[in-house]
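Visitor: Before anything else, here's the structure in question.
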Amino acid sequence: MKIGVFDSGAGGLSVVKSLLEHHLFDEIIYYGDTARVPYGTKDKNTIIRYSLEALEFFNNFDIDLLITACNTVSAYALKEMREASSYAVTGVIEPGILALENKLEDKDAPILIIATRATVASGRYQNELREKGYTNITALQTGLFVPLVEEGIHDGPILESVMDYYFRDIDTPAAIILGCTHFPLISKVLAKYFDNTPLLIHSGEAIVEFLEREHGIKEQSYDTQLKLFASDNVDGLRKIAKEWLAE
Ligand code: DGL
C-alpha cells in the first residue's frame, strides 16, 4: 500500500515515526507545507484553502490513503478534503478520541487537551469528548511549544519555564491529549512535569490502532520507503527527519 501523509510542516514526522515502527506500508509520500507553516495560528478559511491545495500535490502520486497528521487540518478541513479526493482521507482527531476511550473508563476524570490556537478554537476535541460522555475537559492552546520543538529544544529550562507559564493553573490531569504533531517530542518532559501520572494520547500511536481497527491494516514486515517533499526548504525537513526518526 502506498499512502500519503500531509502536515503543515515537519511535525507530521512524529506520526510517520509510528507508521514506520509498525511497518504498515510499502511506501509513504510525506508532504509538509513548510513554506506556510504554522497553520495553527491561521483562520478556518485559510486552513481549508491550504489543505485543498496540498491535495493537488498528492494528485501526482497514486496513493491509496491520505493521513492528515496535522491536528489543525484534521480539525477544520477533513470534510472538504474528503469531498475533493478519490482516496480515503483520515485525520488524527477521531483516532485520538478512540484511543482515549479505550484507555480511560472514568468519564469524570480530568482530561487536558493541548493544541494550537486554531485546534482549540475549533472545539473538535472538546465536542467529541463530550459526545462520548466525558465531563471534565480543559483545552489549552500551547502554541509556543511548536517553535521550541522545531528549534530542537526538547527539554531543559526554556521548555520548563514555558510549561510553568501554560500550566500554572492546571492540576495534574488523568490524561493529556497531545493535540499537535510536535508534542510527542516533548512527551517525556510533559509527563514528568505532571509526576508521570497522566495517560498521554499520541496521534501516531492512536492512528496505528485506528488503521488496524477501521481499515484492517496490520503490522507487517515492510521495509517502508519514505519519500519526503516540502513546499520550502526540503533540506531542513530532511535534517529534522534524520533527528526525529532516530530519537
Ligand atoms: N501540525 C500542526 C498541528 O498538529 C502544528 C504546527 C502548525 O501550527 O502548523 O496542529
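Chain labels follow the order of the C-alpha cells: the first chain is A, the next B, and so on; residue numbering restarts at 1 in every chain, and ligands are counted from 1 in their shown order.
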Run DSSP on the backbone of this structure and report the residues of range 111-214 of chain A it assigns to helix (DSSP H, G or I), as a PyMOL selection string.
Guide: chain A and resi 117-122+124-131+145-150+157-167+183-193+203-214
Visitor: Collect all residues with atoms no farther than 7 Å from ligand 1, counting only C-alpha atoms and all ligand atoms, and output them as a count of residues only.
Guide: 23
Visitor: Step one, run DSSP on the backbone; step two, keep only residues of range 93-235 of chain A assigned to strand (DSSP E); then write them as a PyMOL selection string.
Guide: chain A and resi 111-115+137-141+175-179+199-202+225-230
Visitor: Name the closest residue to Thr34 in chain A among the candidates A:Val89, A:Val189, A:Met81, A:Ala54; distances are taken between atoms, counting only C-alpha atoms.
Guide: A:Ala54
Visitor: Might you pull out every residue within 8 Å of His202 in chain A, with only C-alpha atoms counted and same-chain residues fewer than 3 positions away left off, and present them as an mmCIF file with C-alpha atoms, in the first residue's frame?
Guide:
```cif
data_model
loop_
_atom_site.group_PDB
_atom_site.id
_atom_site.type_symbol
_atom_site.label_atom_id
_atom_site.label_comp_id
_atom_site.auth_asym_id
_atom_site.auth_seq_id
_atom_site.Cartn_x
_atom_site.Cartn_y
_atom_site.Cartn_z
ATOM 1 C CA GLY A 96 -7.044 10.144 19.344
ATOM 2 C CA ILE A 177 -4.248 14.605 24.630
ATOM 3 C CA LEU A 178 -1.181 15.680 22.663
ATOM 4 C CA GLY A 179 -3.331 17.533 20.124
ATOM 5 C CA PRO A 184 5.127 13.758 21.164
ATOM 6 C CA GLU A 205 0.141 5.571 18.188
ATOM 7 C CA ALA A 206 -3.581 6.348 18.024
#
```
